[in-house]
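> To be precise about what I am sending: the file is called data09.txt and holds compact mmCIF, C-alpha atoms.
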```txt
# COMPACT_ATOMS: atom_id res chain seq x y z
CA MET A 126 -9.00 -16.94 -23.45
CA LYS A 127 -10.74 -13.58 -23.57
CA ILE A 128 -11.76 -12.02 -20.29
CA GLY A 129 -14.69 -9.63 -20.41
CA TYR A 130 -16.53 -7.57 -17.81
CA PRO A 131 -20.28 -7.81 -17.13
CA GLN A 132 -22.59 -5.10 -18.41
CA GLU A 133 -22.94 -3.36 -15.04
CA ALA A 134 -19.16 -2.95 -14.81
CA GLU A 135 -19.05 -1.42 -18.30
CA GLU A 136 -21.87 0.93 -17.35
CA PHE A 137 -19.83 1.99 -14.35
CA ARG A 138 -16.85 2.55 -16.68
CA THR A 139 -18.94 4.96 -18.75
CA HIS A 140 -19.95 6.75 -15.56
CA VAL A 141 -16.34 7.10 -14.43
CA ARG A 142 -15.22 8.39 -17.83
CA SER A 143 -17.94 11.03 -17.72
CA ILE A 144 -16.89 12.24 -14.28
CA ILE A 145 -13.22 12.39 -15.21
CA ALA A 146 -13.83 14.14 -18.52
CA SER A 147 -16.12 16.75 -16.99
CA ASN A 148 -13.75 17.63 -14.14
CA LEU A 149 -10.31 17.34 -15.74
CA PRO A 150 -8.72 20.66 -16.79
CA LYS A 151 -8.40 20.99 -20.56
CA ASP A 152 -4.68 21.71 -20.30
CA PHE A 153 -3.98 18.72 -18.00
CA ARG A 154 -0.73 16.97 -18.96
CA GLY A 155 -0.30 14.86 -15.82
CA VAL A 156 0.73 15.47 -12.23
CA GLY A 157 4.30 14.72 -13.21
CA ALA A 158 4.32 17.78 -15.46
CA MET A 159 3.57 20.06 -12.48
CA ASP A 160 5.92 21.36 -9.82
CA LYS A 161 5.53 19.83 -6.35
CA SER A 162 3.23 22.44 -4.86
CA GLN A 163 0.96 22.41 -7.91
CA GLY A 164 0.94 18.62 -7.97
CA ASP A 165 0.10 18.34 -4.27
CA GLN A 166 -2.77 20.79 -4.67
CA PHE A 167 -4.11 18.98 -7.75
CA ILE A 168 -4.09 15.64 -5.91
CA LYS A 169 -5.91 17.22 -2.95
CA ASN A 170 -8.56 18.77 -5.22
CA TRP A 171 -8.92 15.61 -7.32
CA ARG A 172 -9.40 13.48 -4.22
CA SER A 173 -12.25 15.81 -3.22
CA ILE A 174 -13.86 15.33 -6.63
CA LEU A 175 -13.63 11.55 -6.28
CA HIS A 176 -15.16 11.77 -2.81
CA GLN A 177 -18.05 13.95 -3.97
CA ASN A 178 -18.84 11.40 -6.68
CA GLY A 179 -18.57 8.31 -4.48
CA LEU A 180 -15.39 7.04 -6.14
CA LEU A 181 -12.99 6.72 -3.20
CA ALA A 182 -14.22 3.43 -1.72
CA VAL A 183 -16.71 2.13 -4.25
CA SER A 184 -17.19 -1.25 -2.55
CA TRP A 185 -18.06 0.21 0.87
CA PRO A 186 -21.73 0.45 1.91
CA LYS A 187 -23.43 3.75 1.13
CA LYS A 188 -24.22 4.29 4.81
CA TYR A 189 -20.48 4.77 5.42
CA GLY A 190 -19.82 6.87 2.32
CA GLY A 191 -19.20 4.16 -0.27
CA SER A 192 -21.17 3.22 -3.38
CA ASP A 193 -22.31 -0.35 -2.56
CA LEU A 194 -20.46 -1.76 -5.57
CA THR A 195 -17.92 -4.59 -5.84
CA PRO A 196 -14.12 -4.89 -6.06
CA LEU A 197 -14.60 -5.32 -9.83
CA GLU A 198 -15.72 -1.70 -10.08
CA GLN A 199 -12.58 -0.76 -8.13
CA VAL A 200 -10.53 -2.36 -10.91
CA VAL A 201 -12.53 -0.52 -13.57
CA LEU A 202 -11.92 2.74 -11.71
CA MET A 203 -8.16 2.06 -11.63
CA GLU A 204 -8.16 1.27 -15.36
CA GLU A 205 -9.89 4.51 -16.26
CA CYS A 206 -7.83 6.69 -13.91
CA THR A 207 -4.65 5.15 -15.32
CA LYS A 208 -5.86 5.81 -18.87
CA PHE A 209 -6.49 9.49 -18.09
CA GLY A 210 -3.36 9.78 -15.92
CA VAL A 211 -5.18 10.92 -12.77
CA PRO A 212 -4.75 9.64 -9.19
CA THR A 213 -7.26 7.36 -7.48
CA GLY A 214 -6.79 9.11 -4.14
CA GLY A 215 -4.24 10.77 -1.89
CA PRO A 216 -0.82 9.47 -0.82
CA ASN A 217 -2.12 8.05 2.49
CA ASP A 218 -5.23 6.37 1.10
CA VAL A 219 -3.53 2.99 0.81
CA PHE A 220 -3.38 3.11 4.63
CA SER A 221 -6.59 5.04 5.26
CA ILE A 222 -8.95 3.26 2.85
CA GLN A 223 -7.38 0.05 1.61
CA MET A 224 -5.89 -1.08 4.92
CA ILE A 225 -7.46 0.36 8.09
CA GLY A 226 -10.75 1.32 6.45
CA ASN A 227 -11.38 -2.19 5.14
CA THR A 228 -10.26 -3.68 8.46
CA ILE A 229 -12.69 -1.52 10.43
CA LEU A 230 -15.39 -2.46 7.93
CA VAL A 231 -14.82 -6.17 8.63
CA LEU A 232 -13.74 -6.27 12.29
CA GLY A 233 -14.70 -2.92 13.80
CA SER A 234 -17.70 -2.23 15.99
CA GLU A 235 -20.70 -0.46 14.53
CA GLN A 236 -19.78 2.63 16.50
CA GLN A 237 -16.26 2.58 15.02
CA LYS A 238 -17.62 2.15 11.50
CA GLU A 239 -20.05 5.03 11.84
CA TYR A 240 -17.39 7.32 13.31
CA PHE A 241 -14.19 6.53 11.42
CA LEU A 242 -15.23 5.46 7.91
CA PRO A 243 -16.93 8.72 6.80
CA ARG A 244 -14.03 10.72 8.31
CA ILE A 245 -11.55 8.62 6.33
CA LEU A 246 -13.33 9.35 3.06
CA SER A 247 -13.76 13.05 3.79
CA GLY A 248 -10.03 13.33 4.53
CA GLU A 249 -10.61 14.59 8.05
CA ASP A 250 -8.72 11.55 9.36
CA VAL A 251 -5.50 10.61 7.55
CA TRP A 252 -3.82 7.37 8.59
CA CYS A 253 -0.38 5.75 8.70
CA GLN A 254 0.82 2.32 9.82
CA GLY A 255 2.58 1.56 13.11
CA TYR A 256 3.86 -2.00 12.75
CA SER A 257 7.63 -2.25 12.24
CA GLU A 258 10.09 -1.49 15.02
CA PRO A 259 13.91 -1.50 15.20
CA ASN A 260 13.81 -5.11 16.49
CA ALA A 261 10.52 -6.16 14.95
CA GLY A 262 10.56 -5.83 11.19
CA SER A 263 10.50 -9.23 9.53
CA ASP A 264 9.79 -10.70 12.98
CA LEU A 265 6.68 -8.63 13.59
CA GLY A 266 5.67 -10.73 16.59
CA ASN A 267 8.68 -9.35 18.49
CA ILE A 268 7.04 -5.95 18.97
CA SER A 269 8.17 -4.27 22.18
CA THR A 270 5.99 -1.13 22.16
CA ARG A 271 4.09 -1.41 25.44
CA ALA A 272 0.63 -0.24 26.45
CA PHE A 273 -1.22 -0.33 29.75
CA LEU A 274 -4.70 0.73 30.74
CA ASP A 275 -4.95 3.88 32.85
CA GLY A 276 -8.59 4.56 33.66
CA ASP A 277 -10.38 5.06 30.35
CA ASP A 278 -7.17 5.40 28.29
CA TRP A 279 -4.41 3.20 26.99
CA VAL A 280 -0.97 4.68 27.65
CA ILE A 281 1.58 3.72 24.98
CA ASP A 282 5.39 3.81 25.00
CA GLY A 283 7.67 2.66 22.19
CA GLN A 284 9.07 3.35 18.75
CA LYS A 285 7.80 2.57 15.25
CA VAL A 286 9.97 2.81 12.14
CA TRP A 287 9.59 2.91 8.33
CA THR A 288 6.28 4.72 8.81
CA SER A 289 5.35 5.72 5.26
CA TYR A 290 3.81 9.20 4.99
CA GLY A 291 3.62 9.44 8.78
CA HIS A 292 4.38 13.15 8.51
CA LEU A 293 1.09 13.63 6.65
CA ALA A 294 -1.10 11.63 9.05
CA ASN A 295 -3.10 12.56 12.12
CA TRP A 296 -3.94 8.96 13.14
CA ILE A 297 -1.81 5.83 13.34
CA PHE A 298 -3.00 2.24 13.64
CA ALA A 299 -0.47 0.46 15.83
CA VAL A 300 0.14 -2.91 17.42
CA ALA A 301 1.29 -2.76 21.04
CA ARG A 302 2.17 -5.37 23.65
CA THR A 303 -0.39 -5.43 26.44
CA ASP A 304 0.60 -8.73 28.08
CA PRO A 305 4.37 -9.30 28.20
CA ASP A 306 3.91 -12.64 29.94
CA ALA A 307 2.04 -14.15 26.97
CA PRO A 308 3.82 -15.79 24.00
CA LYS A 309 5.05 -13.18 21.55
CA HIS A 310 2.25 -13.56 18.99
CA ARG A 311 -0.27 -13.26 21.77
CA GLY A 312 -0.58 -10.47 24.25
CA LEU A 313 -0.72 -7.92 21.41
CA THR A 314 -3.52 -5.40 20.94
CA PHE A 315 -4.46 -3.48 17.79
CA MET A 316 -4.95 0.21 18.60
CA LEU A 317 -6.12 3.39 16.86
CA VAL A 318 -4.01 6.28 18.14
CA PRO A 319 -4.42 10.03 17.48
CA MET A 320 -1.11 11.64 16.49
CA ASP A 321 -2.01 15.23 17.34
CA GLN A 322 -0.79 14.97 20.93
CA ASP A 323 2.38 15.74 22.88
CA GLY A 324 3.29 12.09 23.29
CA VAL A 325 3.81 11.47 19.54
CA GLU A 326 6.94 12.62 17.68
CA VAL A 327 7.55 12.01 13.96
CA ARG A 328 11.09 12.13 12.57
CA PRO A 329 11.83 11.81 8.83
CA ILE A 330 14.18 9.18 7.37
CA ARG A 331 16.08 10.25 4.26
CA MET A 332 16.10 7.57 1.55
CA LEU A 333 18.59 6.74 -1.22
CA SER A 334 16.39 8.63 -3.66
CA GLY A 335 16.67 11.79 -1.55
CA ASP A 336 13.00 11.68 -0.53
CA SER A 337 11.74 11.35 3.04
CA GLU A 338 8.54 9.35 2.67
CA PHE A 339 9.55 7.11 5.59
CA ASN A 340 9.57 8.22 9.22
CA GLU A 341 10.28 7.12 12.75
CA VAL A 342 7.42 7.57 15.22
CA PHE A 343 8.22 7.85 18.93
CA LEU A 344 5.40 7.21 21.41
CA THR A 345 6.06 8.58 24.89
CA HIS A 346 3.10 8.19 27.24
CA ALA A 347 0.86 8.65 24.21
CA ARG A 348 -2.79 8.06 24.99
CA THR A 349 -5.84 6.71 23.23
CA SER A 350 -9.32 5.85 24.48
CA LYS A 351 -9.90 2.29 25.63
CA GLU A 352 -12.65 2.20 23.00
CA ASN A 353 -10.09 2.67 20.21
CA ILE A 354 -9.06 -0.95 19.80
CA ILE A 355 -10.08 -3.29 16.98
CA GLY A 356 -11.01 -6.77 18.14
CA GLN A 357 -10.24 -7.95 21.65
CA VAL A 358 -7.48 -6.98 24.06
CA ASN A 359 -4.43 -9.28 23.65
CA GLU A 360 -5.81 -10.66 20.36
CA GLY A 361 -4.37 -8.06 18.00
CA TRP A 362 -2.19 -10.44 15.98
CA GLY A 363 -5.15 -11.77 14.01
CA VAL A 364 -6.38 -8.22 13.34
CA ALA A 365 -2.90 -7.21 12.16
CA MET A 366 -2.77 -10.16 9.76
CA THR A 367 -6.25 -9.38 8.42
CA LEU A 368 -5.09 -5.84 7.64
CA LEU A 369 -1.97 -7.12 5.84
CA GLY A 370 -4.24 -9.35 3.79
CA PHE A 371 -6.10 -6.26 2.59
CA GLU A 372 -2.79 -4.52 1.83
CA ARG A 373 -1.54 -7.39 -0.31
CA GLY A 374 -4.88 -8.65 -1.59
CA GLU A 375 -6.43 -5.55 -3.16
CA ALA A 376 -3.10 -4.74 -4.79
CA ALA A 377 -3.34 -8.01 -6.71
CA ALA A 378 -6.28 -6.67 -8.70
CA THR A 379 -5.03 -3.12 -9.28
CA PHE A 380 -1.22 -3.23 -9.43
CA PRO A 381 -1.04 -5.04 -12.80
CA ILE A 382 -2.78 -2.08 -14.46
CA ARG A 383 -0.13 0.28 -13.19
CA PHE A 384 2.76 -2.05 -14.00
CA MET A 385 1.60 -2.45 -17.58
CA GLU A 386 1.52 1.33 -17.98
CA GLU A 387 5.03 1.51 -16.58
CA LEU A 388 6.20 -1.17 -19.02
CA ARG A 389 4.70 0.77 -21.92
CA LYS A 390 6.88 3.73 -20.96
CA LEU A 391 9.92 1.49 -20.68
CA ILE A 392 9.35 0.28 -24.25
CA GLU A 393 9.16 3.94 -25.32
CA LEU A 394 12.44 4.55 -23.49
CA ALA A 395 14.12 1.72 -25.40
CA LYS A 396 13.00 3.34 -28.65
CA LEU A 397 14.31 6.74 -27.53
CA GLU A 398 17.67 5.23 -26.59
CA GLY A 399 17.92 3.17 -29.79
CA THR A 400 18.19 -0.14 -27.91
CA ASN A 401 14.84 -1.52 -29.05
CA GLN A 402 16.55 -3.41 -31.89
CA ASP A 403 19.04 -5.12 -29.59
CA PRO A 404 17.94 -8.81 -29.53
CA HIS A 405 18.85 -9.21 -25.87
CA ILE A 406 16.90 -6.11 -24.82
CA ARG A 407 13.92 -7.15 -26.95
CA GLN A 408 13.91 -10.58 -25.34
CA ARG A 409 13.96 -9.07 -21.85
CA LEU A 410 11.17 -6.64 -22.74
CA ALA A 411 9.11 -9.54 -24.06
CA LYS A 412 9.73 -11.45 -20.84
CA CYS A 413 8.59 -8.45 -18.79
CA PHE A 414 5.43 -8.22 -20.89
CA SER A 415 4.72 -11.93 -20.32
CA LEU A 416 5.28 -11.55 -16.57
CA ALA A 417 3.02 -8.49 -16.44
CA GLU A 418 0.28 -10.41 -18.25
CA ILE A 419 0.65 -13.32 -15.82
CA MET A 420 0.36 -10.80 -13.00
CA ARG A 421 -2.86 -9.50 -14.53
CA PHE A 422 -4.37 -13.00 -14.57
CA LEU A 423 -3.25 -13.61 -10.98
CA GLY A 424 -5.11 -10.40 -10.16
CA TYR A 425 -8.24 -11.64 -11.89
CA ARG A 426 -7.98 -14.87 -9.91
CA SER A 427 -7.85 -12.92 -6.64
CA LEU A 428 -10.70 -10.71 -7.80
CA THR A 429 -12.85 -13.76 -8.56
CA ARG A 430 -12.29 -15.00 -5.01
CA TYR A 431 -13.27 -11.62 -3.53
CA LEU A 432 -16.42 -11.48 -5.65
CA ALA A 433 -17.31 -14.93 -4.31
CA GLY A 434 -17.11 -13.58 -0.77
CA SER A 435 -13.63 -14.70 0.31
CA GLN A 436 -11.51 -12.36 2.40
CA PRO A 437 -7.80 -11.97 1.62
CA GLY A 438 -5.75 -14.80 3.10
CA PRO A 439 -2.26 -16.30 2.93
CA GLU A 440 -2.48 -16.65 -0.87
CA SER A 441 -1.94 -12.88 -1.06
CA SER A 442 1.70 -13.61 -0.20
CA ILE A 443 2.12 -15.16 -3.66
CA PHE A 444 1.29 -11.87 -5.32
CA LYS A 445 3.47 -9.87 -2.93
CA ILE A 446 6.54 -11.90 -3.93
CA TYR A 447 5.60 -11.79 -7.60
CA TRP A 448 5.15 -8.04 -8.04
CA SER A 449 8.09 -6.96 -5.85
CA GLU A 450 10.58 -9.24 -7.58
CA TYR A 451 9.14 -8.40 -11.00
CA HIS A 452 9.57 -4.68 -10.30
CA GLN A 453 13.21 -5.09 -9.38
CA GLY A 454 13.78 -6.98 -12.63
CA VAL A 455 12.03 -4.43 -14.83
CA THR A 456 13.89 -1.49 -13.27
CA ASN A 457 17.17 -3.38 -13.68
CA LEU A 458 16.29 -3.57 -17.36
CA ALA A 459 15.64 0.17 -17.41
CA MET A 460 19.18 0.80 -16.14
CA ASP A 461 20.60 -1.46 -18.87
CA ILE A 462 18.56 0.34 -21.52
CA LEU A 463 19.96 3.67 -20.32
CA GLY A 464 23.52 2.37 -20.22
CA ALA A 465 26.04 5.02 -19.15
CA LYS A 466 23.25 7.57 -18.66
CA ALA A 467 22.10 5.58 -15.63
CA MET A 468 25.35 6.49 -13.85
CA THR A 469 24.73 10.24 -14.13
CA PRO A 470 20.98 10.60 -13.75
CA GLY A 471 21.02 14.31 -12.90
CA HIS A 472 18.31 16.12 -10.97
CA LYS A 473 15.12 14.16 -10.41
CA ASN A 474 12.05 15.91 -11.81
CA GLY A 475 9.28 13.70 -10.53
CA PRO A 476 8.44 9.97 -10.46
CA ILE A 477 8.00 8.50 -13.91
CA SER A 478 5.19 6.01 -13.84
CA PHE A 479 4.95 3.98 -10.68
CA PRO A 480 2.64 4.88 -9.26
CA THR A 481 1.05 5.97 -12.52
CA ASP A 482 -0.71 8.74 -10.61
CA PHE A 483 2.34 10.75 -11.67
CA SER A 484 1.70 10.65 -15.39
CA GLY A 485 3.21 13.40 -17.47
CA SER A 486 6.67 13.16 -15.96
CA ALA A 487 9.65 12.99 -18.30
CA ASN A 488 10.70 9.61 -19.67
CA SER A 489 14.22 10.39 -18.49
CA ALA A 490 17.24 8.79 -16.84
CA SER A 491 16.71 10.76 -13.64
CA ASN A 492 13.14 9.53 -13.19
CA TRP A 493 13.91 5.92 -14.06
CA TYR A 494 16.84 6.00 -11.67
CA ASP A 495 14.48 7.18 -8.92
CA VAL A 496 12.07 4.30 -9.61
CA PHE A 497 15.02 1.88 -9.70
CA LEU A 498 16.12 2.97 -6.21
CA LYS A 499 12.60 2.71 -4.80
CA ALA A 500 12.17 -0.78 -6.24
CA ARG A 501 15.05 -2.06 -4.08
CA SER A 502 12.86 -1.94 -0.98
CA GLY A 503 9.91 -3.73 -2.61
CA THR A 504 11.05 -7.16 -1.40
CA ILE A 505 11.35 -5.83 2.16
CA TYR A 506 8.37 -3.62 3.00
CA ALA A 507 4.89 -5.12 3.54
CA GLY A 508 6.66 -8.37 4.46
CA THR A 509 10.01 -9.59 3.15
CA SER A 510 10.17 -12.20 0.40
CA GLN A 511 11.65 -14.67 2.89
CA VAL A 512 8.69 -14.23 5.25
CA GLN A 513 6.22 -14.51 2.35
CA ARG A 514 7.80 -17.80 1.26
CA ASN A 515 7.46 -19.14 4.79
CA ILE A 516 3.77 -18.19 4.78
CA ILE A 517 3.23 -19.91 1.43
CA GLY A 518 5.13 -23.02 2.52
CA GLU A 519 3.45 -23.39 5.90
CA GLN A 520 -0.08 -22.06 5.35
CA ILE A 521 -0.73 -22.99 1.71
CA LEU A 522 1.51 -25.97 0.90
CA GLY A 523 1.30 -27.48 4.37
CA LEU A 524 5.06 -27.85 4.78
CA PRO A 525 6.52 -28.30 8.28
CA ARG A 526 6.94 -25.11 10.24
CA GLU A 527 10.41 -23.81 10.90
CA PRO A 528 11.72 -24.66 14.39
CA LYS A 529 10.95 -21.93 16.92
CA VAL A 530 13.63 -21.04 19.46
CA ASP A 531 11.76 -18.18 21.13
CA THR A 532 8.71 -19.99 22.48
CA GLY A 533 7.20 -19.28 25.87
CA PRO A 534 6.36 -15.93 27.48
CA TRP A 535 7.64 -12.94 25.48
CA SER A 536 9.22 -11.37 28.56
CA GLN A 537 11.38 -14.46 29.14
CA THR A 538 12.47 -14.81 25.50
CA ARG A 539 13.52 -11.14 25.52
CA ARG A 540 15.74 -11.73 28.55
CA SER A 541 17.34 -14.81 26.99
```
What do you get writing this file as structure tokens?


Amino acid sequence: MKIGYPQEAEEFRTHVRSIIASNLPKDFRGVGAMDKSQGDQFIKNWRSILHQNGLLAVSWPKKYGGSDLTPLEQVVLMEECTKFGVPTGGPNDVFSIQMIGNTILVLGSEQQKEYFLPRILSGEDVWCQGYSEPNAGSDLGNISTRAFLDGDDWVIDGQKVWTSYGHLANWIFAVARTDPDAPKHRGLTFMLVPMDQDGVEVRPIRMLSGDSEFNEVFLTHARTSKENIIGQVNEGWGVAMTLLGFERGEAAATFPIRFMEELRKLIELAKLEGTNQDPHIRQRLAKCFSLAEIMRFLGYRSLTRYLAGSQPGPESSIFKIYWSEYHQGVTNLAMDILGAKAMTPGHKNGPISFPTDFSGSANSASNWYDVFLKARSGTIYAGTSQVQRNIIGEQILGLPREPKVDTGPWSQTRRS
């Protein structure tokens, strides 16, 4: 079966190529070939170029700064940016555009759309996610961050953890408990909270790789306007799940492009290390290629549903399990290809290829080791594999739900 794109998508591809070619420096060798300060500045400048040309949120309406196109053009954009080795946005745009931006577009008020969406695209507002807590990771419904209404403001107290790129953000979308006497999946409210205030403290978490992309966020009498909630008070669970659908759903169409580029570099690594003739390694590389191709077709399936008007739903959990477990397998293979070199990776000089925004980095043991470490958390963040399998079993296959031992008002289950 040969999958082709319609003429309008190919015309958009030509448009994207023209913009990239006319704005890319002639000596560009990839962000990975730059030092950190140069790379950060390039990404900032490149994001501005994308914004000026309407390429940051191509499927959003023009009235909010988008281009009135479809998710198919988003895939075309990812393909072309990957080919040229340039980023499709900034480090927080997965939260700012893909997650909260799309959620506001679907569930926000008109006033919220007109205010927040253009500011997201301009970069004036940079977002992070406030879901997980020390006792509410896989069990997200167990959130204990509290909020109460004080005049025209919500006052928020609690702690969020594993907040990716929280140190770069000035807004956080957070779920807080506003009715402790309701069952735990009720009584939650989805809030938009400014971080530039005394009541918000961000503390970095050092990872195995040595980076500090994750953070803890402490909310101590933090305040936000009563107008800054999405949906209804005490009905934030459904909003939170809609947002997670966007996180997992859009990735289904764009991740396969990046994974295939990563696999291409892994094949090059096997050639460099002289293991490409090993029958066992060749078989595993072939398996990875087959899995990456299957992932691509799963992405096309999701894309077809979006083009037909469906919003992301529980089926996005299938892709979340697939890509996270695939990525652990392919990075395990990278360690085996490197052999003893994997035990002494040396100084890391930039991510290798996932995300492929960092093209131009060395195809080296240190960079592959970094990707290997980061892949360990893939089956945990954005919903653990165990939770995803429960969603698939209960909401797609119709299997019986697991017995619940913490039913009743949240405040009583906490005491028990």

> Between A:Ala433, A:Val211, A:Met460, A:Leu293, which one has atoms that come closest to Arg383 in chain A, using only C-alpha atoms?

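Smallest distance to Arg383 in chain A is found for A:Val211.
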
> Pick the closest to Pro329 in chain A from A:Pro131, A:Gly164, A:Gly291, A:Gly179: which is it, counting all atoms listed in the file?

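Counting all atoms listed in the file, the residue closest to Pro329 in chain A is A:Gly291.
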
> Which of these, A:Lys351, A:Tyr240, A:Pro305, A:Gly324, has the shortest distance to Asp275 in chain A once you count all atoms listed in the file?

A:Lys351

> Might you pull out every residue within 6 Å of Met316 in chain A, with only C-alpha atoms counted and same-chain residues fewer than 5 positions away left off, and present them as a short mmCIF file (atom, residue, chain, number, x, y, z; two decimals) with C-alpha atoms, in the frame of the given file?


```cif
data_model
loop_
_atom_site.label_atom_id
_atom_site.label_comp_id
_atom_site.auth_asym_id
_atom_site.auth_seq_id
_atom_site.Cartn_x
_atom_site.Cartn_y
_atom_site.Cartn_z
CA PHE A 298 -3.00 2.24 13.64
CA ALA A 299 -0.47 0.46 15.83
CA ASN A 353 -10.09 2.67 20.21
CA ILE A 354 -9.06 -0.95 19.80
#
```

> Tell me which protein, DNA and RNA residues are within 9 Å of Ser289 in chain A, counting only C-alpha atoms, leaving out same-chain ones fewer than 4 positions away, and put them as a list in words.

Asn217, Cys253, Gln254, Ser337, Glu338, Phe339 and Asn340 of chain A

> If you measure from CA of Arg172 in chain A to CA of Cys206 in chain A, what distance in Å do you get, rounded to one decimal?

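Going from CA of Arg172 in chain A over to CA of Cys206 in chain A, I get 11.9 Å.
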
> Calculate how many Å separate CA of Leu230 in chain A from CA of Trp185 in chain A, rounding to one decimal.

8.0 Å

> At what distance in Å, to one decimal, does CA of Glu440 in chain A lie from CA of Trp287 in chain A?

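Separation between CA of Trp287 in chain A and CA of Glu440 in chain A: 24.8 Å.
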
> So, counting only C-alpha atoms, which residue among A:Ser184, A:Gln511, A:Gln236, A:Ser484 is closest to Phe209 in chain A?

A:Ser484

> Counting only C-alpha atoms, which of A:Val200, A:Val231, A:Val342, A:Ala500 gets nearest to Thr270 in chain A?

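For Thr270 in chain A, the nearest of the candidates is A:Val342.
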
> Measuring between all atoms listed in the file, which one of A:Asp461, A:Glu360, A:Glu341, A:Glu450 shows the shortest distance to Ile505 in chain A?

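Residue with the minimum atom-to-atom distance to Ile505 in chain A: A:Glu450.
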
> Excluding Thr228 in chain A and any residue of its chain fewer than 2 positions from it, enumerate the residues within 12 Å of it, using only C-alpha atoms, and give them as JSON, numbers by chain.

{"A": [185, 220, 221, 222, 223, 224, 225, 226, 230, 231, 232, 233, 234, 237, 238, 241, 242, 298, 315, 317, 354, 355, 356, 363, 364, 365, 366, 367, 368, 369, 370, 371, 372, 436, 437]}

> Dump C-alpha atoms for the selected residues as a compact mmCIF listing (two decimals), in the coordinates of the input?


```txt
# COMPACT_ATOMS: atom_id res chain seq x y z
CA TRP A 185 -18.06 0.21 0.87
CA PHE A 220 -3.38 3.11 4.63
CA SER A 221 -6.59 5.04 5.26
CA ILE A 222 -8.95 3.26 2.85
CA GLN A 223 -7.38 0.05 1.61
CA MET A 224 -5.89 -1.08 4.92
CA ILE A 225 -7.46 0.36 8.09
CA GLY A 226 -10.75 1.32 6.45
CA LEU A 230 -15.39 -2.46 7.93
CA VAL A 231 -14.82 -6.17 8.63
CA LEU A 232 -13.74 -6.27 12.29
CA GLY A 233 -14.70 -2.92 13.80
CA SER A 234 -17.70 -2.23 15.99
CA GLN A 237 -16.26 2.58 15.02
CA LYS A 238 -17.62 2.15 11.50
CA PHE A 241 -14.19 6.53 11.42
CA LEU A 242 -15.23 5.46 7.91
CA PHE A 298 -3.00 2.24 13.64
CA PHE A 315 -4.46 -3.48 17.79
CA LEU A 317 -6.12 3.39 16.86
CA ILE A 354 -9.06 -0.95 19.80
CA ILE A 355 -10.08 -3.29 16.98
CA GLY A 356 -11.01 -6.77 18.14
CA GLY A 363 -5.15 -11.77 14.01
CA VAL A 364 -6.38 -8.22 13.34
CA ALA A 365 -2.90 -7.21 12.16
CA MET A 366 -2.77 -10.16 9.76
CA THR A 367 -6.25 -9.38 8.42
CA LEU A 368 -5.09 -5.84 7.64
CA LEU A 369 -1.97 -7.12 5.84
CA GLY A 370 -4.24 -9.35 3.79
CA PHE A 371 -6.10 -6.26 2.59
CA GLU A 372 -2.79 -4.52 1.83
CA GLN A 436 -11.51 -12.36 2.40
CA PRO A 437 -7.80 -11.97 1.62
```

> List as a PyMOL selection string the residues having at least one atom at most 12 Å from position (-8.8, 4.4, -17.3) as given in the file, counting only C-alpha atoms.

chain A and resi 135+137-146+198-213+379+382-383+386+481-482

> Store the residues picked out above, limited to C-alpha atoms, as a tab-separated table (two decimals), in the coordinates of the input.


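The resulting again.tsv:
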```tsv
chain	number	residue	atom	x	y	z
A	135	GLU	CA	-19.05	-1.42	-18.30
A	137	PHE	CA	-19.83	1.99	-14.35
A	138	ARG	CA	-16.85	2.55	-16.68
A	139	THR	CA	-18.94	4.96	-18.75
A	140	HIS	CA	-19.95	6.75	-15.56
A	141	VAL	CA	-16.34	7.10	-14.43
A	142	ARG	CA	-15.22	8.39	-17.83
A	143	SER	CA	-17.94	11.03	-17.72
A	144	ILE	CA	-16.89	12.24	-14.28
A	145	ILE	CA	-13.22	12.39	-15.21
A	146	ALA	CA	-13.83	14.14	-18.52
A	198	GLU	CA	-15.72	-1.70	-10.08
A	199	GLN	CA	-12.58	-0.76	-8.13
A	200	VAL	CA	-10.53	-2.36	-10.91
A	201	VAL	CA	-12.53	-0.52	-13.57
A	202	LEU	CA	-11.92	2.74	-11.71
A	203	MET	CA	-8.16	2.06	-11.63
A	204	GLU	CA	-8.16	1.27	-15.36
A	205	GLU	CA	-9.89	4.51	-16.26
A	206	CYS	CA	-7.83	6.69	-13.91
A	207	THR	CA	-4.65	5.15	-15.32
A	208	LYS	CA	-5.86	5.81	-18.87
A	209	PHE	CA	-6.49	9.49	-18.09
A	210	GLY	CA	-3.36	9.78	-15.92
A	211	VAL	CA	-5.18	10.92	-12.77
A	212	PRO	CA	-4.75	9.64	-9.19
A	213	THR	CA	-7.26	7.36	-7.48
A	379	THR	CA	-5.03	-3.12	-9.28
A	382	ILE	CA	-2.78	-2.08	-14.46
A	383	ARG	CA	-0.13	0.28	-13.19
A	386	GLU	CA	1.52	1.33	-17.98
A	481	THR	CA	1.05	5.97	-12.52
A	482	ASP	CA	-0.71	8.74	-10.61
```

> Could you check which residues have any atom within 10 Å of (0.3, -12.2, 26.3), counting only C-alpha atoms with coordinates taken straight from the file, and then list them as a PyMOL selection string?

chain A and resi 302-314+358-360+533-536

> List the neighbours of range 516-525 of chain A out to 10 Å using only C-alpha atoms; skip same-chain residues closer than 3 positions along the sequence, and give me the result as a list of chain:residue names.

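The neighbour list is A:Gly438, A:Pro439, A:Glu440, A:Ser441, A:Ser442, A:Ile443, A:Ser510, A:Gln511, A:Val512, A:Gln513, A:Pro528.
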
> Set the distance at 10 Å and use only C-alpha atoms: which residues neighbour range 404-410 of chain A once local chain neighbours fewer than 4 positions away are removed? I'd like the list as a list of chain:residue names.

A:Leu388, A:Arg389, A:Leu391, A:Ile392, A:Ala395, A:Thr400, A:Phe414, A:Ser415, A:Leu416, A:Gly454, A:Val455, A:Leu458, A:Ala459, A:Asp461, A:Ile462
